[in-house]
file start_25.cif (mmCIF, N, CA, C and O atoms)
data_my_file
#
loop_
_atom_site.label_atom_id
_atom_site.label_comp_id
_atom_site.auth_asym_id
_atom_site.auth_seq_id
_atom_site.Cartn_x
_atom_site.Cartn_y
_atom_site.Cartn_z
N MET A 55 156.29 57.49 -8.11
CA MET A 55 154.97 57.68 -8.68
C MET A 55 154.70 59.17 -8.79
O MET A 55 155.15 59.96 -8.00
N ALA A 56 153.89 59.47 -9.77
CA ALA A 56 153.52 60.88 -9.96
C ALA A 56 152.01 60.95 -10.06
O ALA A 56 151.31 60.23 -9.37
N VAL A 57 151.53 61.77 -10.95
CA VAL A 57 150.10 62.02 -11.09
C VAL A 57 149.31 60.71 -11.24
O VAL A 57 149.68 59.84 -12.00
N ALA A 58 148.25 60.58 -10.48
CA ALA A 58 147.30 59.47 -10.57
C ALA A 58 147.96 58.10 -10.39
O ALA A 58 147.45 57.10 -10.89
N GLY A 59 149.09 58.04 -9.71
CA GLY A 59 149.74 56.76 -9.45
C GLY A 59 150.44 56.15 -10.64
O GLY A 59 150.84 54.99 -10.60
N VAL A 60 150.60 56.90 -11.72
CA VAL A 60 151.30 56.40 -12.90
C VAL A 60 152.79 56.72 -12.73
O VAL A 60 153.15 57.86 -12.50
N PRO A 61 153.66 55.71 -12.81
CA PRO A 61 155.08 55.96 -12.56
C PRO A 61 155.73 56.83 -13.63
O PRO A 61 155.32 56.82 -14.79
N VAL A 62 156.73 57.57 -13.22
CA VAL A 62 157.55 58.34 -14.14
C VAL A 62 158.65 57.42 -14.65
O VAL A 62 159.25 56.68 -13.87
N GLN A 63 158.88 57.44 -15.95
CA GLN A 63 159.92 56.62 -16.58
C GLN A 63 161.13 57.51 -16.88
O GLN A 63 160.96 58.69 -17.17
N TYR A 64 162.32 56.94 -16.83
CA TYR A 64 163.55 57.69 -17.09
C TYR A 64 164.43 56.91 -18.06
O TYR A 64 164.43 55.69 -18.05
N CYS A 65 165.19 57.65 -18.87
CA CYS A 65 166.23 57.02 -19.69
C CYS A 65 167.35 58.02 -19.89
O CYS A 65 167.14 59.23 -19.82
N VAL A 66 168.54 57.51 -20.13
CA VAL A 66 169.68 58.36 -20.43
C VAL A 66 169.73 58.51 -21.94
O VAL A 66 169.83 57.52 -22.67
N GLN A 67 169.62 59.73 -22.39
CA GLN A 67 169.64 60.01 -23.83
C GLN A 67 171.07 60.13 -24.32
O GLN A 67 171.37 59.82 -25.46
N ASP A 68 171.94 60.65 -23.48
CA ASP A 68 173.33 60.84 -23.87
C ASP A 68 174.23 60.34 -22.76
O ASP A 68 174.02 60.64 -21.59
N TRP A 69 175.19 59.56 -23.06
CA TRP A 69 176.14 58.87 -22.22
C TRP A 69 176.92 59.87 -21.38
O TRP A 69 176.95 61.05 -21.74
N PRO A 70 177.62 59.61 -20.32
CA PRO A 70 177.99 58.35 -19.69
C PRO A 70 177.31 58.13 -18.33
O PRO A 70 177.88 58.43 -17.29
N ALA A 71 176.12 57.66 -18.33
CA ALA A 71 175.41 57.35 -17.09
C ALA A 71 174.36 56.29 -17.39
O ALA A 71 174.07 56.00 -18.55
N GLU A 72 173.80 55.73 -16.33
CA GLU A 72 172.70 54.78 -16.48
C GLU A 72 171.70 55.02 -15.36
O GLU A 72 172.02 55.65 -14.36
N ILE A 73 170.50 54.53 -15.56
CA ILE A 73 169.44 54.66 -14.57
C ILE A 73 169.22 53.30 -13.92
O ILE A 73 169.06 52.30 -14.61
N LYS A 74 169.23 53.28 -12.60
CA LYS A 74 168.88 52.07 -11.84
C LYS A 74 167.81 52.48 -10.86
O LYS A 74 168.09 53.21 -9.91
N GLY A 75 166.59 52.03 -11.13
CA GLY A 75 165.46 52.47 -10.32
C GLY A 75 165.23 53.95 -10.57
O GLY A 75 165.01 54.35 -11.70
N ASN A 76 165.33 54.75 -9.53
CA ASN A 76 165.19 56.21 -9.68
C ASN A 76 166.51 56.92 -9.42
O ASN A 76 166.54 58.08 -9.05
N THR A 77 167.63 56.19 -9.63
CA THR A 77 168.95 56.75 -9.35
C THR A 77 169.77 56.83 -10.63
O THR A 77 169.82 55.88 -11.41
N ILE A 78 170.43 57.97 -10.84
CA ILE A 78 171.35 58.13 -11.95
C ILE A 78 172.73 57.73 -11.46
O ILE A 78 173.21 58.25 -10.45
N ILE A 79 173.36 56.79 -12.17
CA ILE A 79 174.66 56.30 -11.77
C ILE A 79 175.66 56.63 -12.88
O ILE A 79 175.46 56.21 -14.03
N PRO A 80 176.71 57.37 -12.57
CA PRO A 80 177.73 57.65 -13.59
C PRO A 80 178.37 56.36 -14.07
O PRO A 80 178.67 55.47 -13.28
N ALA A 81 178.58 56.26 -15.36
CA ALA A 81 179.25 55.09 -15.93
C ALA A 81 180.76 55.29 -15.86
O ALA A 81 181.24 56.40 -15.60
N GLN A 82 181.50 54.23 -16.11
CA GLN A 82 182.95 54.33 -16.13
C GLN A 82 183.36 55.22 -17.30
O GLN A 82 182.92 55.02 -18.43
N VAL A 83 184.17 56.19 -17.03
CA VAL A 83 184.61 57.15 -18.04
C VAL A 83 185.94 56.67 -18.63
O VAL A 83 186.86 56.34 -17.88
N PRO A 84 186.04 56.64 -19.95
CA PRO A 84 187.31 56.25 -20.57
C PRO A 84 188.45 57.16 -20.12
O PRO A 84 188.26 58.35 -19.88
N LEU A 85 189.65 56.61 -19.99
CA LEU A 85 190.81 57.35 -19.49
C LEU A 85 191.09 58.62 -20.28
O LEU A 85 191.49 59.63 -19.73
N ARG A 86 190.91 58.59 -21.58
CA ARG A 86 191.25 59.75 -22.42
C ARG A 86 190.06 60.65 -22.70
O ARG A 86 190.13 61.53 -23.56
N ALA A 87 188.98 60.47 -21.99
CA ALA A 87 187.79 61.31 -22.21
C ALA A 87 188.09 62.74 -21.80
O ALA A 87 188.78 62.99 -20.81
N LYS A 88 187.57 63.67 -22.56
CA LYS A 88 187.78 65.08 -22.27
C LYS A 88 186.63 65.56 -21.38
O LYS A 88 185.47 65.48 -21.75
N LEU A 89 186.98 66.05 -20.19
CA LEU A 89 185.98 66.51 -19.23
C LEU A 89 185.69 67.98 -19.45
O LEU A 89 186.55 68.71 -19.93
N PRO A 90 184.51 68.44 -19.11
CA PRO A 90 183.39 67.71 -18.53
C PRO A 90 182.62 66.93 -19.60
O PRO A 90 182.64 67.30 -20.77
N LEU A 91 181.95 65.86 -19.18
CA LEU A 91 181.14 65.04 -20.08
C LEU A 91 179.67 65.36 -19.87
O LEU A 91 179.19 65.42 -18.74
N LYS A 92 178.97 65.56 -20.96
CA LYS A 92 177.55 65.91 -20.90
C LYS A 92 176.69 64.66 -20.75
O LYS A 92 176.89 63.67 -21.46
N VAL A 93 175.75 64.71 -19.83
CA VAL A 93 174.77 63.63 -19.63
C VAL A 93 173.38 64.24 -19.81
O VAL A 93 173.08 65.29 -19.23
N ILE A 94 172.55 63.60 -20.62
CA ILE A 94 171.17 64.05 -20.82
C ILE A 94 170.23 62.95 -20.36
O ILE A 94 170.33 61.81 -20.82
N VAL A 95 169.33 63.29 -19.44
CA VAL A 95 168.35 62.34 -18.93
C VAL A 95 166.97 62.83 -19.35
O VAL A 95 166.66 64.02 -19.28
N VAL A 96 166.12 61.87 -19.79
CA VAL A 96 164.76 62.19 -20.20
C VAL A 96 163.79 61.50 -19.25
O VAL A 96 163.95 60.33 -18.92
N ALA A 97 162.77 62.24 -18.80
CA ALA A 97 161.71 61.69 -17.96
C ALA A 97 160.39 61.84 -18.71
O ALA A 97 160.16 62.84 -19.39
N TRP A 98 159.54 60.84 -18.61
CA TRP A 98 158.22 60.90 -19.23
C TRP A 98 157.25 60.06 -18.42
O TRP A 98 157.63 59.29 -17.55
N GLN A 99 155.97 60.24 -18.73
CA GLN A 99 154.93 59.49 -18.05
C GLN A 99 153.90 59.05 -19.08
O GLN A 99 153.40 59.88 -19.84
N TYR A 100 153.65 57.76 -19.12
CA TYR A 100 152.65 57.23 -20.05
C TYR A 100 151.26 57.69 -19.64
O TYR A 100 151.01 57.96 -18.47
N GLY A 101 150.36 57.72 -20.59
CA GLY A 101 148.97 58.02 -20.30
C GLY A 101 148.23 56.74 -19.96
O GLY A 101 148.82 55.67 -19.81
N ARG A 102 146.93 56.87 -19.85
CA ARG A 102 146.10 55.71 -19.55
C ARG A 102 144.80 55.87 -20.31
O ARG A 102 144.18 56.94 -20.29
N SER A 103 144.37 54.80 -21.01
CA SER A 103 143.16 54.88 -21.82
C SER A 103 141.93 54.29 -21.11
O SER A 103 140.84 54.33 -21.64
N VAL A 104 142.11 53.76 -19.91
CA VAL A 104 140.99 53.25 -19.13
C VAL A 104 140.67 54.26 -18.03
O VAL A 104 141.49 55.09 -17.67
N GLU A 105 139.48 54.18 -17.49
CA GLU A 105 139.07 55.12 -16.44
C GLU A 105 139.90 54.95 -15.18
O GLU A 105 140.16 53.81 -14.80
N PRO A 106 140.35 55.98 -14.55
CA PRO A 106 140.28 57.35 -15.03
C PRO A 106 141.35 57.60 -16.09
O PRO A 106 142.53 57.29 -15.90
N GLU A 107 140.91 58.13 -17.25
CA GLU A 107 141.84 58.38 -18.34
C GLU A 107 142.87 59.44 -17.95
O GLU A 107 142.60 60.30 -17.12
N LEU A 108 144.04 59.32 -18.57
CA LEU A 108 145.12 60.24 -18.26
C LEU A 108 145.92 60.49 -19.53
O LEU A 108 146.32 59.53 -20.20
N GLN A 109 146.10 61.74 -19.87
CA GLN A 109 146.92 62.09 -21.04
C GLN A 109 148.40 61.86 -20.69
O GLN A 109 148.81 62.11 -19.57
N PRO A 110 149.19 61.39 -21.67
CA PRO A 110 150.62 61.22 -21.39
C PRO A 110 151.28 62.59 -21.15
O PRO A 110 150.86 63.59 -21.73
N ALA A 111 152.27 62.61 -20.31
CA ALA A 111 153.00 63.85 -20.03
C ALA A 111 154.03 64.09 -21.12
O ALA A 111 154.55 63.15 -21.72
N GLU A 112 154.32 65.35 -21.38
CA GLU A 112 155.37 65.69 -22.33
C GLU A 112 156.72 65.27 -21.74
O GLU A 112 156.95 65.44 -20.53
N PRO A 113 157.62 64.73 -22.56
CA PRO A 113 158.95 64.38 -22.05
C PRO A 113 159.67 65.63 -21.54
O PRO A 113 159.52 66.71 -22.09
N VAL A 114 160.45 65.44 -20.49
CA VAL A 114 161.24 66.52 -19.91
C VAL A 114 162.70 66.08 -19.93
O VAL A 114 163.00 64.95 -19.53
N THR A 115 163.58 66.94 -20.41
CA THR A 115 165.00 66.60 -20.42
C THR A 115 165.76 67.44 -19.40
O THR A 115 165.39 68.58 -19.12
N GLN A 116 166.78 66.83 -18.85
CA GLN A 116 167.67 67.53 -17.91
C GLN A 116 169.10 67.22 -18.33
O GLN A 116 169.45 66.06 -18.53
N THR A 117 169.90 68.25 -18.48
CA THR A 117 171.29 68.10 -18.87
C THR A 117 172.18 68.47 -17.69
O THR A 117 171.93 69.45 -17.00
N PHE A 118 173.21 67.66 -17.46
CA PHE A 118 174.21 68.02 -16.47
C PHE A 118 175.55 67.51 -16.96
O PHE A 118 175.65 66.79 -17.95
N TYR A 119 176.61 67.92 -16.28
CA TYR A 119 177.96 67.60 -16.72
C TYR A 119 178.72 66.89 -15.61
O TYR A 119 178.63 67.25 -14.46
N LEU A 120 179.47 65.85 -16.02
CA LEU A 120 180.33 65.13 -15.09
C LEU A 120 181.73 65.72 -15.20
O LEU A 120 182.29 65.85 -16.30
N ALA A 121 182.27 66.10 -14.08
CA ALA A 121 183.64 66.63 -14.04
C ALA A 121 184.42 65.85 -12.99
O ALA A 121 183.84 65.18 -12.14
N LYS A 122 185.70 65.96 -13.03
CA LYS A 122 186.55 65.23 -12.10
C LYS A 122 186.41 65.76 -10.70
O LYS A 122 186.18 66.88 -10.43
#

call {"tool": "encode", "arguments": {"input": "start_25.cif", "output": "structure tokens"}}
result
Amino acid sequence: MAVAGVPVQYCVQDWPAEIKGNTIIPAQVPLRAKLPLKVIVVAWQYGRSVEPELQPAEPVTQTFYLAK
């Protein structure tokens, strides 16, 4: 949870990983993949139109690389 009890949402924008709950889990990497592999994760927070109103947060991206 973040501001005002509204949960932060996450998604993987660029492979090879997945989100389970609040954990980033590397996906199985193909044998011939060239390392390092770029992973991009996006976090955002929805707004709320009922009292107390809350503006949606701007999406935030984080890039990291998977290496052997």

call {"tool": "select_by_dssp", "arguments": {"input": "start_25.cif", "residues": "chain A", "states": "strand (DSSP E or B)", "output": "NGL selection string"}}
result
:A and (63-68 or 71-74 or 77-80 or 91-99 or 102 or 108 or 111-120)

call {"tool": "closest_residue", "arguments": {"input": "start_25.cif", "among": "A:Pro70, A:Pro61, A:Gly75, A:Pro106", "to": "A:Pro90", "atoms": "only C-alpha atoms"}}
result
A:Pro70

call {"tool": "atom_distance", "arguments": {"input": "start_25.cif", "atom1": "atom O of A:Val104", "atom2": "atom N of A:Cys65"}}
result
23.9 Å

call {"tool": "residues_around", "arguments": {"input": "start_25.cif", "residues": "A:Val96", "least_positions_apart": "3", "cutoff": "7 Å", "atoms": "only C-alpha atoms", "output": "ChimeraX atom specification"}}
result
/A:64-67,113-116

call {"tool": "resolve_selection", "arguments": {"input": "start_25.cif", "expression": "the PyMOL selection byres ((chain A and resi 98) around 5)", "output": "list in words"}}
result
Pro61, Val62, Gln63, Val96, Ala97, Gln99, Tyr100, Ala111, Glu112 and Pro113 of chain A

call {"tool": "build_atoms", "arguments": {"input": "start_25.cif", "residues": "stretch 78-89 of chain A", "atoms": "all heavy atoms", "output": "mmCIF file, in the frame of the given file"}}
result
data_model
loop_
_atom_site.group_PDB
_atom_site.id
_atom_site.type_symbol
_atom_site.label_atom_id
_atom_site.label_comp_id
_atom_site.auth_asym_id
_atom_site.auth_seq_id
_atom_site.Cartn_x
_atom_site.Cartn_y
_atom_site.Cartn_z
ATOM 1 N N ILE A 78 170.430 57.970 -10.840
ATOM 2 C CA ILE A 78 171.350 58.130 -11.950
ATOM 3 C C ILE A 78 172.730 57.730 -11.460
ATOM 4 O O ILE A 78 173.210 58.250 -10.450
ATOM 5 C CB ILE A 78 171.383 59.581 -12.448
ATOM 6 C CG1 ILE A 78 170.000 60.010 -12.926
ATOM 7 C CG2 ILE A 78 172.418 59.750 -13.556
ATOM 8 C CD1 ILE A 78 169.885 61.475 -13.188
ATOM 9 N N ILE A 79 173.360 56.790 -12.170
ATOM 10 C CA ILE A 79 174.660 56.300 -11.770
ATOM 11 C C ILE A 79 175.660 56.630 -12.880
ATOM 12 O O ILE A 79 175.460 56.210 -14.030
ATOM 13 C CB ILE A 79 174.625 54.782 -11.520
ATOM 14 C CG1 ILE A 79 173.633 54.501 -10.400
ATOM 15 C CG2 ILE A 79 176.015 54.243 -11.215
ATOM 16 C CD1 ILE A 79 173.394 53.064 -10.119
ATOM 17 N N PRO A 80 176.710 57.370 -12.570
ATOM 18 C CA PRO A 80 177.730 57.650 -13.590
ATOM 19 C C PRO A 80 178.370 56.360 -14.070
ATOM 20 O O PRO A 80 178.670 55.470 -13.280
ATOM 21 C CB PRO A 80 178.750 58.530 -12.858
ATOM 22 C CG PRO A 80 178.027 59.049 -11.660
ATOM 23 C CD PRO A 80 177.012 58.013 -11.297
ATOM 24 N N ALA A 81 178.580 56.260 -15.360
ATOM 25 C CA ALA A 81 179.250 55.090 -15.930
ATOM 26 C C ALA A 81 180.760 55.290 -15.860
ATOM 27 O O ALA A 81 181.240 56.400 -15.600
ATOM 28 C CB ALA A 81 178.813 54.898 -17.383
ATOM 29 N N GLN A 82 181.500 54.230 -16.110
ATOM 30 C CA GLN A 82 182.950 54.330 -16.130
ATOM 31 C C GLN A 82 183.360 55.220 -17.300
ATOM 32 O O GLN A 82 182.920 55.020 -18.430
ATOM 33 C CB GLN A 82 183.591 52.965 -16.254
ATOM 34 C CG GLN A 82 185.094 53.029 -16.168
ATOM 35 C CD GLN A 82 185.711 51.645 -16.090
ATOM 36 O OE1 GLN A 82 185.011 50.652 -15.992
ATOM 37 N NE2 GLN A 82 187.019 51.586 -16.143
ATOM 38 N N VAL A 83 184.170 56.190 -17.030
ATOM 39 C CA VAL A 83 184.610 57.150 -18.040
ATOM 40 C C VAL A 83 185.940 56.670 -18.630
ATOM 41 O O VAL A 83 186.860 56.340 -17.880
ATOM 42 C CB VAL A 83 184.765 58.557 -17.417
ATOM 43 C CG1 VAL A 83 185.290 59.548 -18.436
ATOM 44 C CG2 VAL A 83 183.442 59.016 -16.829
ATOM 45 N N PRO A 84 186.040 56.640 -19.950
ATOM 46 C CA PRO A 84 187.310 56.250 -20.570
ATOM 47 C C PRO A 84 188.450 57.160 -20.120
ATOM 48 O O PRO A 84 188.260 58.350 -19.880
ATOM 49 C CB PRO A 84 187.050 56.417 -22.074
ATOM 50 C CG PRO A 84 185.569 56.351 -22.207
ATOM 51 C CD PRO A 84 185.011 56.922 -20.944
ATOM 52 N N LEU A 85 189.650 56.610 -19.990
ATOM 53 C CA LEU A 85 190.810 57.350 -19.490
ATOM 54 C C LEU A 85 191.090 58.620 -20.280
ATOM 55 O O LEU A 85 191.490 59.630 -19.730
ATOM 56 C CB LEU A 85 192.040 56.457 -19.474
ATOM 57 C CG LEU A 85 191.987 55.292 -18.497
ATOM 58 C CD1 LEU A 85 193.214 54.403 -18.664
ATOM 59 C CD2 LEU A 85 191.890 55.802 -17.071
ATOM 60 N N ARG A 86 190.910 58.590 -21.580
ATOM 61 C CA ARG A 86 191.250 59.750 -22.420
ATOM 62 C C ARG A 86 190.060 60.650 -22.700
ATOM 63 O O ARG A 86 190.130 61.530 -23.560
ATOM 64 C CB ARG A 86 191.872 59.266 -23.714
ATOM 65 C CG ARG A 86 193.216 58.608 -23.477
ATOM 66 C CD ARG A 86 193.962 58.412 -24.773
ATOM 67 N NE ARG A 86 195.310 57.971 -24.482
ATOM 68 C CZ ARG A 86 195.787 56.784 -24.763
ATOM 69 N NH1 ARG A 86 195.026 55.891 -25.345
ATOM 70 N NH2 ARG A 86 197.021 56.480 -24.466
ATOM 71 N N ALA A 87 188.980 60.470 -21.990
ATOM 72 C CA ALA A 87 187.790 61.310 -22.210
ATOM 73 C C ALA A 87 188.090 62.740 -21.800
ATOM 74 O O ALA A 87 188.780 62.990 -20.810
ATOM 75 C CB ALA A 87 186.618 60.771 -21.408
ATOM 76 N N LYS A 88 187.570 63.670 -22.560
ATOM 77 C CA LYS A 88 187.780 65.080 -22.270
ATOM 78 C C LYS A 88 186.630 65.560 -21.380
ATOM 79 O O LYS A 88 185.470 65.480 -21.750
ATOM 80 C CB LYS A 88 187.827 65.876 -23.568
ATOM 81 C CG LYS A 88 188.234 67.315 -23.379
ATOM 82 C CD LYS A 88 188.446 67.991 -24.708
ATOM 83 C CE LYS A 88 188.900 69.422 -24.475
ATOM 84 N NZ LYS A 88 189.182 70.084 -25.743
ATOM 85 N N LEU A 89 186.980 66.050 -20.190
ATOM 86 C CA LEU A 89 185.980 66.510 -19.230
ATOM 87 C C LEU A 89 185.690 67.980 -19.450
ATOM 88 O O LEU A 89 186.550 68.710 -19.930
ATOM 89 C CB LEU A 89 186.491 66.277 -17.801
ATOM 90 C CG LEU A 89 186.756 64.818 -17.439
ATOM 91 C CD1 LEU A 89 187.367 64.735 -16.048
ATOM 92 C CD2 LEU A 89 185.498 63.997 -17.512
#
